[in-house]
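Peer 1: Okay, so here is run.pdb, and as you'll see once you scroll down, it has PDB, C-alpha atoms and all ligand atoms.
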ATOM      1  CA  ARG A   1     -63.770 -52.883  18.379
ATOM      2  CA  THR A   2     -60.661 -54.611  17.126
ATOM      3  CA  ARG A   3     -58.235 -52.365  18.990
ATOM      4  CA  LEU A   4     -57.677 -52.039  22.770
ATOM      5  CA  PRO A   5     -60.975 -53.163  24.354
ATOM      6  CA  ASN A   6     -60.457 -51.209  27.598
ATOM      7  CA  PHE A   7     -59.315 -47.919  26.121
ATOM      8  CA  HIS A   8     -62.064 -45.616  24.947
ATOM      9  CA  THR A   9     -62.794 -42.797  27.421
ATOM     10  CA  LEU A  10     -61.284 -39.368  28.034
ATOM     11  CA  ASP A  11     -60.052 -40.647  31.378
ATOM     12  CA  ASP A  12     -58.193 -43.389  29.517
ATOM     13  CA  VAL A  13     -56.589 -40.693  27.354
ATOM     14  CA  CYS A  14     -55.549 -38.676  30.432
ATOM     15  CA  GLU A  15     -54.124 -41.717  32.207
ATOM     16  CA  ALA A  16     -52.178 -42.657  29.068
ATOM     17  CA  LEU A  17     -50.769 -39.120  28.773
ATOM     18  CA  LYS A  18     -49.742 -39.147  32.452
ATOM     19  CA  LYS A  19     -48.100 -42.559  32.238
ATOM     20  CA  ALA A  20     -46.460 -42.362  28.820
ATOM     21  CA  LYS A  21     -42.715 -41.849  28.533
ATOM     22  CA  ASN A  22     -42.266 -42.237  24.791
ATOM     23  CA  ILE A  23     -45.040 -40.468  22.942
ATOM     24  CA  LEU A  24     -44.894 -40.479  19.160
ATOM     25  CA  ILE A  25     -46.799 -37.497  17.769
ATOM     26  CA  LEU A  26     -47.682 -37.553  14.104
ATOM     27  CA  THR A  27     -48.823 -34.141  12.900
ATOM     28  CA  GLY A  28     -50.114 -32.536   9.726
ATOM     29  CA  ALA A  29     -51.294 -29.246   8.286
ATOM     30  CA  GLY A  30     -54.303 -29.042  10.651
ATOM     31  CA  ILE A  31     -52.052 -27.998  13.554
ATOM     32  CA  SER A  32     -51.122 -24.741  11.790
ATOM     33  CA  THR A  33     -54.519 -23.689  10.370
ATOM     34  CA  SER A  34     -55.386 -21.557  13.429
ATOM     35  CA  LEU A  35     -52.630 -19.182  12.241
ATOM     36  CA  GLY A  36     -54.408 -18.756   8.911
ATOM     37  CA  ILE A  37     -52.138 -21.206   7.049
ATOM     38  CA  PRO A  38     -54.397 -23.379   4.864
ATOM     39  CA  ASP A  39     -54.255 -27.157   5.089
ATOM     40  CA  PHE A  40     -54.077 -29.100   1.809
ATOM     41  CA  ARG A  41     -57.213 -31.163   1.249
ATOM     42  CA  SER A  42     -60.045 -29.306   3.026
ATOM     43  CA  SER A  43     -62.640 -27.616   0.801
ATOM     44  CA  THR A  44     -60.859 -24.262   1.284
ATOM     45  CA  GLY A  45     -57.408 -25.848   1.491
ATOM     46  CA  PHE A  46     -54.329 -25.157  -0.603
ATOM     47  CA  TYR A  47     -55.170 -27.708  -3.305
ATOM     48  CA  SER A  48     -58.600 -26.093  -3.872
ATOM     49  CA  LYS A  49     -56.715 -22.930  -4.899
ATOM     50  CA  MET A  50     -54.610 -24.827  -7.453
ATOM     51  CA  ARG A  51     -57.470 -25.768  -9.788
ATOM     52  CA  ASN A  52     -56.813 -22.955 -12.288
ATOM     53  CA  LEU A  53     -53.211 -23.994 -13.017
ATOM     54  CA  GLY A  54     -54.201 -26.465 -15.712
ATOM     55  CA  LEU A  55     -52.723 -29.439 -13.860
ATOM     56  CA  ASP A  56     -54.408 -32.868 -14.032
ATOM     57  CA  ASP A  57     -54.149 -33.112 -10.262
ATOM     58  CA  PRO A  58     -53.565 -30.127  -7.913
ATOM     59  CA  GLN A  59     -51.057 -32.258  -5.985
ATOM     60  CA  ASP A  60     -48.835 -32.034  -9.081
ATOM     61  CA  VAL A  61     -47.585 -28.642  -7.847
ATOM     62  CA  PHE A  62     -45.430 -30.857  -5.616
ATOM     63  CA  SER A  63     -44.552 -33.419  -8.305
ATOM     64  CA  ILE A  64     -40.831 -33.669  -9.031
ATOM     65  CA  ASP A  65     -41.543 -34.482 -12.704
ATOM     66  CA  VAL A  66     -43.687 -31.370 -13.076
ATOM     67  CA  PHE A  67     -41.010 -29.272 -11.348
ATOM     68  CA  ARG A  68     -38.372 -30.597 -13.748
ATOM     69  CA  GLU A  69     -40.520 -29.655 -16.731
ATOM     70  CA  ASP A  70     -41.698 -26.293 -15.430
ATOM     71  CA  PRO A  71     -40.255 -24.916 -12.178
ATOM     72  CA  SER A  72     -42.250 -21.706 -12.638
ATOM     73  CA  ILE A  73     -45.360 -23.533 -11.373
ATOM     74  CA  LEU A  74     -43.844 -23.920  -7.905
ATOM     75  CA  TYR A  75     -42.392 -20.404  -7.997
ATOM     76  CA  ASN A  76     -45.834 -19.000  -8.817
ATOM     77  CA  ILE A  77     -47.609 -20.599  -5.863
ATOM     78  CA  ALA A  78     -44.936 -20.948  -3.164
ATOM     79  CA  HIS A  79     -45.632 -17.477  -1.733
ATOM     80  CA  MET A  80     -48.954 -18.877  -0.473
ATOM     81  CA  ILE A  81     -47.256 -21.444   1.749
ATOM     82  CA  LEU A  82     -44.190 -19.581   2.959
ATOM     83  CA  PRO A  83     -43.995 -19.956   6.743
ATOM     84  CA  PRO A  84     -44.816 -16.949   8.931
ATOM     85  CA  ASP A  85     -41.996 -15.567  11.095
ATOM     86  CA  LYS A  86     -41.819 -16.772  14.707
ATOM     87  CA  ALA A  87     -45.497 -17.813  14.996
ATOM     88  CA  TYR A  88     -46.702 -21.092  16.529
ATOM     89  CA  THR A  89     -49.970 -22.441  17.919
ATOM     90  CA  PRO A  90     -51.013 -23.782  21.353
ATOM     91  CA  LEU A  91     -50.761 -27.246  19.759
ATOM     92  CA  HIS A  92     -47.090 -26.643  18.872
ATOM     93  CA  SER A  93     -46.574 -25.554  22.495
ATOM     94  CA  PHE A  94     -48.246 -28.763  23.682
ATOM     95  CA  ILE A  95     -45.576 -30.727  21.798
ATOM     96  CA  LYS A  96     -42.937 -28.609  23.581
ATOM     97  CA  LEU A  97     -44.684 -29.291  26.902
ATOM     98  CA  LEU A  98     -44.414 -33.049  26.339
ATOM     99  CA  GLN A  99     -40.736 -32.542  25.492
ATOM    100  CA  ASP A 100     -40.187 -30.575  28.735
ATOM    101  CA  ARG A 101     -41.930 -33.307  30.742
ATOM    102  CA  GLY A 102     -39.608 -35.919  29.203
ATOM    103  CA  LYS A 103     -42.492 -37.652  27.452
ATOM    104  CA  LEU A 104     -41.806 -36.864  23.814
ATOM    105  CA  LEU A 105     -40.154 -39.661  21.896
ATOM    106  CA  ARG A 106     -40.413 -37.842  18.568
ATOM    107  CA  ASN A 107     -42.671 -35.524  16.589
ATOM    108  CA  TYR A 108     -43.059 -36.764  13.021
ATOM    109  CA  THR A 109     -44.392 -33.742  11.211
ATOM    110  CA  GLN A 110     -45.557 -33.680   7.622
ATOM    111  CA  ASN A 111     -45.521 -29.897   7.787
ATOM    112  CA  ILE A 112     -43.003 -27.856   5.871
ATOM    113  CA  ASP A 113     -43.611 -24.642   7.824
ATOM    114  CA  ASN A 114     -40.914 -25.348  10.458
ATOM    115  CA  LEU A 115     -43.145 -23.866  13.213
ATOM    116  CA  GLU A 116     -42.210 -26.642  15.652
ATOM    117  CA  ALA A 117     -38.777 -25.016  15.907
ATOM    118  CA  ASN A 118     -40.423 -21.657  16.755
ATOM    119  CA  ALA A 119     -42.188 -23.334  19.676
ATOM    120  CA  GLY A 120     -38.880 -24.708  20.958
ATOM    121  CA  VAL A 121     -39.167 -28.335  19.869
ATOM    122  CA  LEU A 122     -35.562 -29.556  19.720
ATOM    123  CA  PRO A 123     -34.132 -30.700  16.379
ATOM    124  CA  GLU A 124     -33.393 -34.161  17.833
ATOM    125  CA  LYS A 125     -37.068 -34.563  18.800
ATOM    126  CA  LEU A 126     -38.297 -33.626  15.327
ATOM    127  CA  VAL A 127     -38.511 -35.486  12.033
ATOM    128  CA  GLN A 128     -39.694 -33.302   9.177
ATOM    129  CA  CYS A 129     -41.001 -36.140   7.048
ATOM    130  CA  HIS A 130     -41.628 -33.973   3.980
ATOM    131  CA  GLY A 131     -38.618 -31.699   4.414
ATOM    132  CA  SER A 132     -39.089 -27.974   4.937
ATOM    133  CA  PHE A 133     -38.347 -24.470   3.708
ATOM    134  CA  ALA A 134     -35.389 -24.317   6.135
ATOM    135  CA  THR A 135     -32.925 -25.096   3.323
ATOM    136  CA  ALA A 136     -32.956 -25.125  -0.478
ATOM    137  CA  SER A 137     -30.782 -26.974  -2.998
ATOM    138  CA  CYS A 138     -29.837 -26.790  -6.637
ATOM    139  CA  ILE A 139     -31.778 -29.506  -8.421
ATOM    140  CA  THR A 140     -28.739 -30.252 -10.623
ATOM    141  CA  CYS A 141     -25.583 -30.048  -8.461
ATOM    142  CA  LYS A 142     -27.258 -30.146  -4.979
ATOM    143  CA  TYR A 143     -25.532 -26.917  -3.816
ATOM    144  CA  LYS A 144     -27.352 -26.063  -0.552
ATOM    145  CA  VAL A 145     -28.287 -22.657   0.881
ATOM    146  CA  PRO A 146     -30.344 -21.512   3.905
ATOM    147  CA  GLY A 147     -34.019 -21.439   2.900
ATOM    148  CA  GLU A 148     -34.420 -17.688   3.531
ATOM    149  CA  VAL A 149     -32.008 -17.008   0.667
ATOM    150  CA  LEU A 150     -34.785 -18.139  -1.670
ATOM    151  CA  PHE A 151     -37.670 -16.301   0.020
ATOM    152  CA  PRO A 152     -37.352 -13.014  -1.960
ATOM    153  CA  ASN A 153     -37.524 -15.036  -5.211
ATOM    154  CA  LEU A 154     -40.459 -17.121  -3.984
ATOM    155  CA  ARG A 155     -42.291 -13.953  -2.873
ATOM    156  CA  SER A 156     -41.694 -12.191  -6.181
ATOM    157  CA  LYS A 157     -42.298 -15.387  -8.235
ATOM    158  CA  LYS A 158     -38.844 -15.188  -9.857
ATOM    159  CA  ILE A 159     -37.000 -18.457 -10.396
ATOM    160  CA  ALA A 160     -33.712 -18.655  -8.458
ATOM    161  CA  TYR A 161     -30.722 -20.207 -10.208
ATOM    162  CA  CYS A 162     -27.631 -21.880  -8.839
ATOM    163  CA  PRO A 163     -24.497 -19.736  -9.290
ATOM    164  CA  PHE A 164     -22.346 -22.814  -9.917
ATOM    165  CA  CYS A 165     -24.533 -24.122 -12.757
ATOM    166  CA  ALA A 166     -25.087 -20.775 -14.482
ATOM    167  CA  ALA A 167     -22.400 -21.121 -17.183
ATOM    168  CA  GLU A 168     -23.427 -24.668 -18.094
ATOM    169  CA  ARG A 169     -27.106 -23.651 -18.149
ATOM    170  CA  LYS A 170     -26.353 -20.791 -20.536
ATOM    171  CA  ALA A 171     -24.389 -23.069 -22.853
ATOM    172  CA  LEU A 172     -27.125 -25.700 -22.819
ATOM    173  CA  LEU A 173     -29.843 -23.152 -23.561
ATOM    174  CA  GLN A 174     -27.853 -21.835 -26.523
ATOM    175  CA  LYS A 175     -27.259 -25.355 -27.807
ATOM    176  CA  TYR A 176     -30.930 -26.328 -27.562
ATOM    177  CA  ASP A 177     -32.129 -23.011 -29.022
ATOM    178  CA  LYS A 178     -29.940 -23.729 -32.038
ATOM    179  CA  MET A 179     -31.284 -27.268 -32.334
ATOM    180  CA  GLU A 180     -34.855 -25.984 -32.128
ATOM    181  CA  ASP A 181     -34.101 -23.458 -34.901
ATOM    182  CA  GLU A 182     -32.948 -26.394 -36.989
ATOM    183  CA  GLY A 183     -36.249 -28.158 -36.365
ATOM    184  CA  ILE A 184     -34.824 -30.736 -33.964
ATOM    185  CA  TYR A 185     -36.980 -31.390 -30.922
ATOM    186  CA  SER A 186     -36.392 -33.658 -27.962
ATOM    187  CA  ARG A 187     -38.355 -34.174 -24.746
ATOM    188  CA  ARG A 188     -35.069 -33.449 -22.988
ATOM    189  CA  PHE A 189     -35.596 -29.767 -23.897
ATOM    190  CA  GLU A 190     -38.234 -29.607 -21.186
ATOM    191  CA  GLN A 191     -35.729 -30.776 -18.596
ATOM    192  CA  ILE A 192     -33.463 -27.867 -19.519
ATOM    193  CA  ASN A 193     -36.040 -25.538 -17.941
ATOM    194  CA  SER A 194     -35.010 -26.761 -14.509
ATOM    195  CA  PHE A 195     -31.264 -27.127 -15.115
ATOM    196  CA  GLY A 196     -29.508 -25.313 -12.246
ATOM    197  CA  VAL A 197     -32.773 -24.218 -10.604
ATOM    198  CA  MET A 198     -32.895 -23.876  -6.813
ATOM    199  CA  LYS A 199     -35.664 -25.855  -5.103
ATOM    200  CA  PRO A 200     -36.783 -25.592  -1.456
ATOM    201  CA  ASP A 201     -35.888 -28.856   0.307
ATOM    202  CA  ILE A 202     -39.513 -29.946   0.491
ATOM    203  CA  THR A 203     -40.046 -33.612  -0.369
ATOM    204  CA  PHE A 204     -41.972 -33.717  -3.635
ATOM    205  CA  PHE A 205     -44.128 -36.577  -4.851
ATOM    206  CA  GLY A 206     -41.667 -38.840  -6.680
ATOM    207  CA  GLU A 207     -38.816 -38.085  -4.252
ATOM    208  CA  ASP A 208     -37.688 -40.215  -1.330
ATOM    209  CA  LEU A 209     -38.312 -38.983   2.196
ATOM    210  CA  PRO A 210     -35.355 -37.424   4.034
ATOM    211  CA  GLU A 211     -32.776 -39.903   5.341
ATOM    212  CA  ARG A 212     -33.619 -38.811   8.896
ATOM    213  CA  TYR A 213     -37.095 -40.335   8.543
ATOM    214  CA  HIS A 214     -35.684 -43.729   7.577
ATOM    215  CA  ASN A 215     -32.990 -43.507  10.274
ATOM    216  CA  PHE A 216     -35.498 -43.105  13.112
ATOM    217  CA  ILE A 217     -38.867 -44.588  12.234
ATOM    218  CA  LYS A 218     -38.118 -48.299  12.671
ATOM    219  CA  GLU A 219     -36.777 -47.985  16.226
ATOM    220  CA  ASP A 220     -39.276 -45.283  17.255
ATOM    221  CA  ILE A 221     -42.194 -47.515  16.279
ATOM    222  CA  LYS A 222     -40.832 -50.219  18.592
ATOM    223  CA  LYS A 223     -40.163 -47.768  21.437
ATOM    224  CA  CYS A 224     -43.356 -45.678  21.450
ATOM    225  CA  ASP A 225     -45.924 -46.200  24.222
ATOM    226  CA  LEU A 226     -48.603 -43.808  22.924
ATOM    227  CA  LEU A 227     -49.445 -42.550  19.443
ATOM    228  CA  LEU A 228     -51.108 -39.169  18.932
ATOM    229  CA  CYS A 229     -52.180 -38.289  15.374
ATOM    230  CA  ILE A 230     -53.115 -34.644  15.129
ATOM    231  CA  GLY A 231     -54.374 -32.479  12.252
ATOM    232  CA  THR A 232     -53.708 -34.848   9.389
ATOM    233  CA  SER A 233     -55.914 -36.634   6.862
ATOM    234  CA  LEU A 234     -53.353 -39.502   6.746
ATOM    235  CA  LYS A 235     -53.652 -39.634   2.967
ATOM    236  CA  VAL A 236     -49.945 -39.596   2.084
ATOM    237  CA  ALA A 237     -47.744 -42.699   2.404
ATOM    238  CA  PRO A 238     -45.377 -43.731   3.867
ATOM    239  CA  VAL A 239     -46.176 -41.452   6.827
ATOM    240  CA  SER A 240     -49.818 -42.608   6.872
ATOM    241  CA  GLU A 241     -48.577 -46.195   7.329
ATOM    242  CA  ILE A 242     -47.027 -45.384  10.719
ATOM    243  CA  VAL A 243     -50.487 -45.839  12.268
ATOM    244  CA  ASN A 244     -50.699 -49.485  11.213
ATOM    245  CA  ARG A 245     -47.068 -50.218  12.058
ATOM    246  CA  VAL A 246     -47.341 -49.240  15.738
ATOM    247  CA  PRO A 247     -47.752 -52.384  17.933
ATOM    248  CA  ASN A 248     -51.337 -53.358  18.755
ATOM    249  CA  ASP A 249     -50.989 -52.799  22.491
ATOM    250  CA  VAL A 250     -50.029 -49.128  22.065
ATOM    251  CA  PRO A 251     -53.000 -46.744  22.458
ATOM    252  CA  GLN A 252     -53.692 -44.657  19.365
ATOM    253  CA  ILE A 253     -55.508 -41.341  19.648
ATOM    254  CA  LEU A 254     -56.736 -39.099  16.860
ATOM    255  CA  ILE A 255     -57.299 -35.373  17.337
ATOM    256  CA  ASN A 256     -58.659 -33.999  14.100
ATOM    257  CA  ARG A 257     -61.420 -31.757  12.790
ATOM    258  CA  ASP A 258     -62.686 -34.441  10.395
ATOM    259  CA  PRO A 259     -63.010 -38.168  11.031
ATOM    260  CA  ILE A 260     -60.651 -40.552   9.234
ATOM    261  CA  ASP A 261     -62.371 -43.639   7.890
ATOM    262  CA  HIS A 262     -59.388 -45.606   6.639
ATOM    263  CA  CYS A 263     -57.583 -45.943  10.007
ATOM    264  CA  GLU A 264     -58.726 -47.239  13.362
ATOM    265  CA  PHE A 265     -58.056 -45.390  16.625
ATOM    266  CA  ASP A 266     -58.852 -46.170  20.256
ATOM    267  CA  VAL A 267     -60.182 -42.672  20.890
ATOM    268  CA  GLU A 268     -61.066 -39.959  18.379
ATOM    269  CA  LEU A 269     -61.371 -36.361  19.577
ATOM    270  CA  LEU A 270     -63.047 -34.642  16.664
ATOM    271  CA  GLY A 271     -62.731 -30.858  16.649
ATOM    272  CA  TYR A 272     -60.190 -28.061  16.591
ATOM    273  CA  CYS A 273     -56.900 -29.354  17.950
ATOM    274  CA  ASP A 274     -55.908 -26.183  19.869
ATOM    275  CA  GLN A 275     -59.190 -26.319  21.764
ATOM    276  CA  ALA A 276     -59.159 -30.072  22.318
ATOM    277  CA  ILE A 277     -55.611 -30.127  23.672
ATOM    278  CA  THR A 278     -55.977 -26.927  25.720
ATOM    279  CA  TRP A 279     -59.130 -28.340  27.317
ATOM    280  CA  LEU A 280     -57.497 -31.710  28.008
ATOM    281  CA  CYS A 281     -54.402 -30.108  29.534
ATOM    282  CA  GLY A 282     -56.111 -27.210  31.308
ATOM    283  CA  LYS A 283     -59.268 -28.869  32.628
ATOM    284  CA  LYS A 284     -58.439 -32.567  32.901
ATOM    285  CA  LEU A 285     -54.691 -32.838  33.503
ATOM    286  CA  GLY A 286     -53.856 -29.572  35.241
ATOM    287  CA  TRP A 287     -50.992 -28.984  32.809
ATOM    288  CA  LYS A 288     -50.469 -25.371  31.754
ATOM    289  CA  ILE A 289     -49.398 -25.006  28.147
ATOM    290  CA  ASN A 290     -46.892 -22.186  27.813
ATOM    291  CA  HIS A 291     -48.579 -20.198  25.032
ATOM    292  CA  LYS A 292     -49.890 -16.645  25.001
ATOM    293  CA  ASP A 293     -53.357 -17.835  23.909
ATOM    294  CA  PHE A 294     -53.673 -20.688  26.436
ATOM    295  CA  ASP A 295     -56.195 -18.948  28.741
ATOM    296  CA  LYS A 296     -58.127 -17.426  25.839
ATOM    297  CA  VAL A 297     -58.550 -20.799  24.100
ATOM    298  CA  LEU A 298     -59.284 -22.562  27.413
ATOM    299  CA  ASN A 299     -62.163 -20.192  28.149
ATOM    300  CA  SER A 300     -63.496 -20.063  24.585
TER     301      SER A 300
HETATM  302  P1  LIG B 401     -54.476 -32.461   4.795
HETATM  303  O1  LIG B 401     -54.951 -31.155   4.269
HETATM  304  O2  LIG B 401     -54.564 -33.631   3.911
HETATM  305  O3  LIG B 401     -55.261 -32.803   6.137
HETATM  306  C1  LIG B 401     -55.390 -31.855   7.177
HETATM  307  C2  LIG B 401     -56.339 -32.408   8.221
HETATM  308  O4  LIG B 401     -56.355 -31.500   9.299
HETATM  309  C3  LIG B 401     -57.777 -32.558   7.724
HETATM  310  O5  LIG B 401     -58.244 -33.861   8.021
HETATM  311  C4  LIG B 401     -58.569 -31.504   8.526
HETATM  312  O6  LIG B 401     -59.829 -31.987   8.942
HETATM  313  C5  LIG B 401     -57.674 -31.314   9.728
HETATM  314  N1  LIG B 401     -57.738 -29.964  10.330
HETATM  315  C6  LIG B 401     -57.724 -28.766   9.709
HETATM  316  N2  LIG B 401     -57.724 -27.759  10.605
HETATM  317  C7  LIG B 401     -57.746 -28.349  11.838
HETATM  318  C8  LIG B 401     -57.734 -27.862  13.178
HETATM  319  N3  LIG B 401     -57.688 -26.555  13.464
HETATM  320  N4  LIG B 401     -57.759 -28.767  14.185
HETATM  321  C9  LIG B 401     -57.785 -30.092  13.927
HETATM  322  N5  LIG B 401     -57.782 -30.602  12.688
HETATM  323  C10 LIG B 401     -57.745 -29.754  11.646
HETATM  324  O7  LIG B 401     -52.972 -32.221   5.310
HETATM  325  P2  LIG B 401     -51.869 -33.313   5.691
HETATM  326  O8  LIG B 401     -52.485 -34.548   6.226
HETATM  327  O9  LIG B 401     -50.855 -32.617   6.514
HETATM  328  O10 LIG B 401     -47.081 -32.638   1.347
HETATM  329  O11 LIG B 401     -51.246 -33.628   4.262
HETATM  330  C11 LIG B 401     -50.145 -34.485   4.142
HETATM  331  C12 LIG B 401     -49.229 -34.035   3.025
HETATM  332  O12 LIG B 401     -49.975 -33.826   1.844
HETATM  333  C13 LIG B 401     -48.550 -32.710   3.275
HETATM  334  O13 LIG B 401     -47.358 -32.832   4.008
HETATM  335  C14 LIG B 401     -48.311 -32.142   1.905
HETATM  336  C15 LIG B 401     -49.487 -32.669   1.141
HETATM  337  O14 LIG B 401     -49.249 -33.027  -0.166
HETATM  338  C16 LIG B 401     -46.105 -31.718   1.076
HETATM  339  O15 LIG B 401     -46.143 -30.588   1.449
HETATM  340  C17 LIG B 401     -44.947 -32.219   0.320
END
Would it be possible to restate this file's structure as structure tokens?
Peer 2:
Amino acid sequence: RTRLPNFHTLDDVCEALKKAKNILILTGAGISTSLGIPDFRSSTGFYSKMRNLGLDDPQDVFSIDVFREDPSILYNIAHMILPPDKAYTPLHSFIKLLQDRGKLLRNYTQNIDNLEANAGVLPEKLVQCHGSFATASCITCKYKVPGEVLFPNLRSKKIAYCPFCAAERKALLQKYDKMEDEGIYSRRFEQINSFGVMKPDITFFGEDLPERYHNFIKEDIKKCDLLLCIGTSLKVAPVSEIVNRVPNDVPQILINRDPIDHCEFDVELLGYCDQAITWLCGKKLGWKINHKDFDKVLNS
């Protein structure tokens, strides 16, 4: 072991949870799968369903370059990942419980489903590292609207356009149609497809993370006294790098269905996160998670 030599049992985990005052929780898609929302990289995950789109890499559905060339790709698949109304899991409620006990420094979530808010996690305790569906913006002029405004379009796979860019878009399309008729072709034509298109404020590959991430991460890494990584494969940087940036004397715990070979933790609880955390809280710590399924999961 190259990490903390005296930290490797469940009792160590419980003691750390009791003592900690500034817990940094890093979460991923695995904390929402019990609601039927697929994660990304599992064999039945979201990316496995993207193989018939003709993309080189299924992750390209979230590539900003691909979106600029053909926004219809996102509009065709987004209905599969739209967040359910009001739902949240026992794991989301565990995050809220840590907040209520004054132990939550911050939840860095890679999830775009915004379910932390449903569970009552306060905006100031949350960093949505990859953005979310909560708002949407015009890719050209940045005009912002509440995310729900776009939901009917995303559900019916119809591209939504920005009202303020409509006239310019029309003029551009006419201009380029004329040029095409004259046999003139430019790669810029492809970019016209996305001129004035509304895009959910999800961080795409090729885009910078939200400012909020950069504003908080440096200080939070210094402040945190316990790191919990839950339901993430830790495959996407820079969020995956948080694990290595946390000081060496801070215990790091993984709760995940699958092991993660490229990072080192003090304790790994491998299994379903709702069950692991409900068992830890219910049976070892005597903490009741305020969730309708707490007793059911505890006795399962
Ligand atoms: P992944 O799909 O890469 O990883 C999810 C992890 O959760 C896997 O390691 C699973 O084993 C685990 N898992 C699944 N169900 C679980 C459960 N019930 N209990 C415990 N563990 C479970 O998803 P992320 O790591 O979140 O970007 O992916 C990171 C980013 O990649 C996402 O934010 C997304 C994607 O491209 C955007 O949406 C922009």
Peer 1: Go through the chains and note each residue within 8 Å of ligand LIG 401 (chain B), using all atoms listed in the file, then give the set as a PDB file with C-alpha atoms, in the frame of the given file.
Peer 2:
ATOM      1  CA  THR A  27     -48.823 -34.141  12.900  1.00  0.00           C
ATOM      2  CA  GLY A  28     -50.114 -32.536   9.726  1.00  0.00           C
ATOM      3  CA  ALA A  29     -51.294 -29.246   8.286  1.00  0.00           C
ATOM      4  CA  GLY A  30     -54.303 -29.042  10.651  1.00  0.00           C
ATOM      5  CA  ILE A  31     -52.052 -27.998  13.554  1.00  0.00           C
ATOM      6  CA  SER A  32     -51.122 -24.741  11.790  1.00  0.00           C
ATOM      7  CA  THR A  33     -54.519 -23.689  10.370  1.00  0.00           C
ATOM      8  CA  SER A  34     -55.386 -21.557  13.429  1.00  0.00           C
ATOM      9  CA  PRO A  38     -54.397 -23.379   4.864  1.00  0.00           C
ATOM     10  CA  ASP A  39     -54.255 -27.157   5.089  1.00  0.00           C
ATOM     11  CA  PHE A  40     -54.077 -29.100   1.809  1.00  0.00           C
ATOM     12  CA  ARG A  41     -57.213 -31.163   1.249  1.00  0.00           C
ATOM     13  CA  SER A  42     -60.045 -29.306   3.026  1.00  0.00           C
ATOM     14  CA  GLY A  45     -57.408 -25.848   1.491  1.00  0.00           C
ATOM     15  CA  PHE A  46     -54.329 -25.157  -0.603  1.00  0.00           C
ATOM     16  CA  GLN A  59     -51.057 -32.258  -5.985  1.00  0.00           C
ATOM     17  CA  PHE A  62     -45.430 -30.857  -5.616  1.00  0.00           C
ATOM     18  CA  THR A 109     -44.392 -33.742  11.211  1.00  0.00           C
ATOM     19  CA  GLN A 110     -45.557 -33.680   7.622  1.00  0.00           C
ATOM     20  CA  ASN A 111     -45.521 -29.897   7.787  1.00  0.00           C
ATOM     21  CA  ILE A 112     -43.003 -27.856   5.871  1.00  0.00           C
ATOM     22  CA  CYS A 129     -41.001 -36.140   7.048  1.00  0.00           C
ATOM     23  CA  HIS A 130     -41.628 -33.973   3.980  1.00  0.00           C
ATOM     24  CA  GLY A 131     -38.618 -31.699   4.414  1.00  0.00           C
ATOM     25  CA  ILE A 202     -39.513 -29.946   0.491  1.00  0.00           C
ATOM     26  CA  THR A 203     -40.046 -33.612  -0.369  1.00  0.00           C
ATOM     27  CA  PHE A 204     -41.972 -33.717  -3.635  1.00  0.00           C
ATOM     28  CA  PHE A 205     -44.128 -36.577  -4.851  1.00  0.00           C
ATOM     29  CA  ILE A 230     -53.115 -34.644  15.129  1.00  0.00           C
ATOM     30  CA  GLY A 231     -54.374 -32.479  12.252  1.00  0.00           C
ATOM     31  CA  THR A 232     -53.708 -34.848   9.389  1.00  0.00           C
ATOM     32  CA  SER A 233     -55.914 -36.634   6.862  1.00  0.00           C
ATOM     33  CA  LEU A 234     -53.353 -39.502   6.746  1.00  0.00           C
ATOM     34  CA  LYS A 235     -53.652 -39.634   2.967  1.00  0.00           C
ATOM     35  CA  VAL A 236     -49.945 -39.596   2.084  1.00  0.00           C
ATOM     36  CA  ILE A 255     -57.299 -35.373  17.337  1.00  0.00           C
ATOM     37  CA  ASN A 256     -58.659 -33.999  14.100  1.00  0.00           C
ATOM     38  CA  ARG A 257     -61.420 -31.757  12.790  1.00  0.00           C
ATOM     39  CA  ASP A 258     -62.686 -34.441  10.395  1.00  0.00           C
ATOM     40  CA  PRO A 259     -63.010 -38.168  11.031  1.00  0.00           C
ATOM     41  CA  ILE A 260     -60.651 -40.552   9.234  1.00  0.00           C
ATOM     42  CA  LEU A 270     -63.047 -34.642  16.664  1.00  0.00           C
ATOM     43  CA  GLY A 271     -62.731 -30.858  16.649  1.00  0.00           C
ATOM     44  CA  TYR A 272     -60.190 -28.061  16.591  1.00  0.00           C
ATOM     45  CA  CYS A 273     -56.900 -29.354  17.950  1.00  0.00           C
ATOM     46  CA  ASP A 274     -55.908 -26.183  19.869  1.00  0.00           C
TER      47      ASP A 274
END
Peer 1: Please expand the PyMOL selection byres (((chain A and resi 222) around 10) and not hetatm) into the concrete residues it hits in this file, giving the result as a PyMOL selection string.
Peer 2: chain A and resi 217-221+223-225+245-247+250
Peer 1: Okay, now the selection with C-alpha atoms, as a CSV table (one decimal), keeping the file's coordinate frame?
Peer 2:
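Saved to part-v9.csv:
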chain,number,residue,atom,x,y,z
A,217,ILE,CA,-38.9,-44.6,12.2
A,218,LYS,CA,-38.1,-48.3,12.7
A,219,GLU,CA,-36.8,-48.0,16.2
A,220,ASP,CA,-39.3,-45.3,17.3
A,221,ILE,CA,-42.2,-47.5,16.3
A,223,LYS,CA,-40.2,-47.8,21.4
A,224,CYS,CA,-43.4,-45.7,21.4
A,225,ASP,CA,-45.9,-46.2,24.2
A,245,ARG,CA,-47.1,-50.2,12.1
A,246,VAL,CA,-47.3,-49.2,15.7
A,247,PRO,CA,-47.8,-52.4,17.9
A,250,VAL,CA,-50.0,-49.1,22.1
Peer 1: Specify as a PyMOL selection string each residue included when the PyMOL selection byres (((chain A and resi 289) around 10) and not hetatm) is applied to this file.
Peer 2: chain A and resi 90-98+277-278+281-282+286-288+290-295
Peer 1: Do you have the atom CA of A:Lys284-atom CA of A:Asp249 distance handy?
Peer 2: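 Distance between the two atoms: 23.9 Å.
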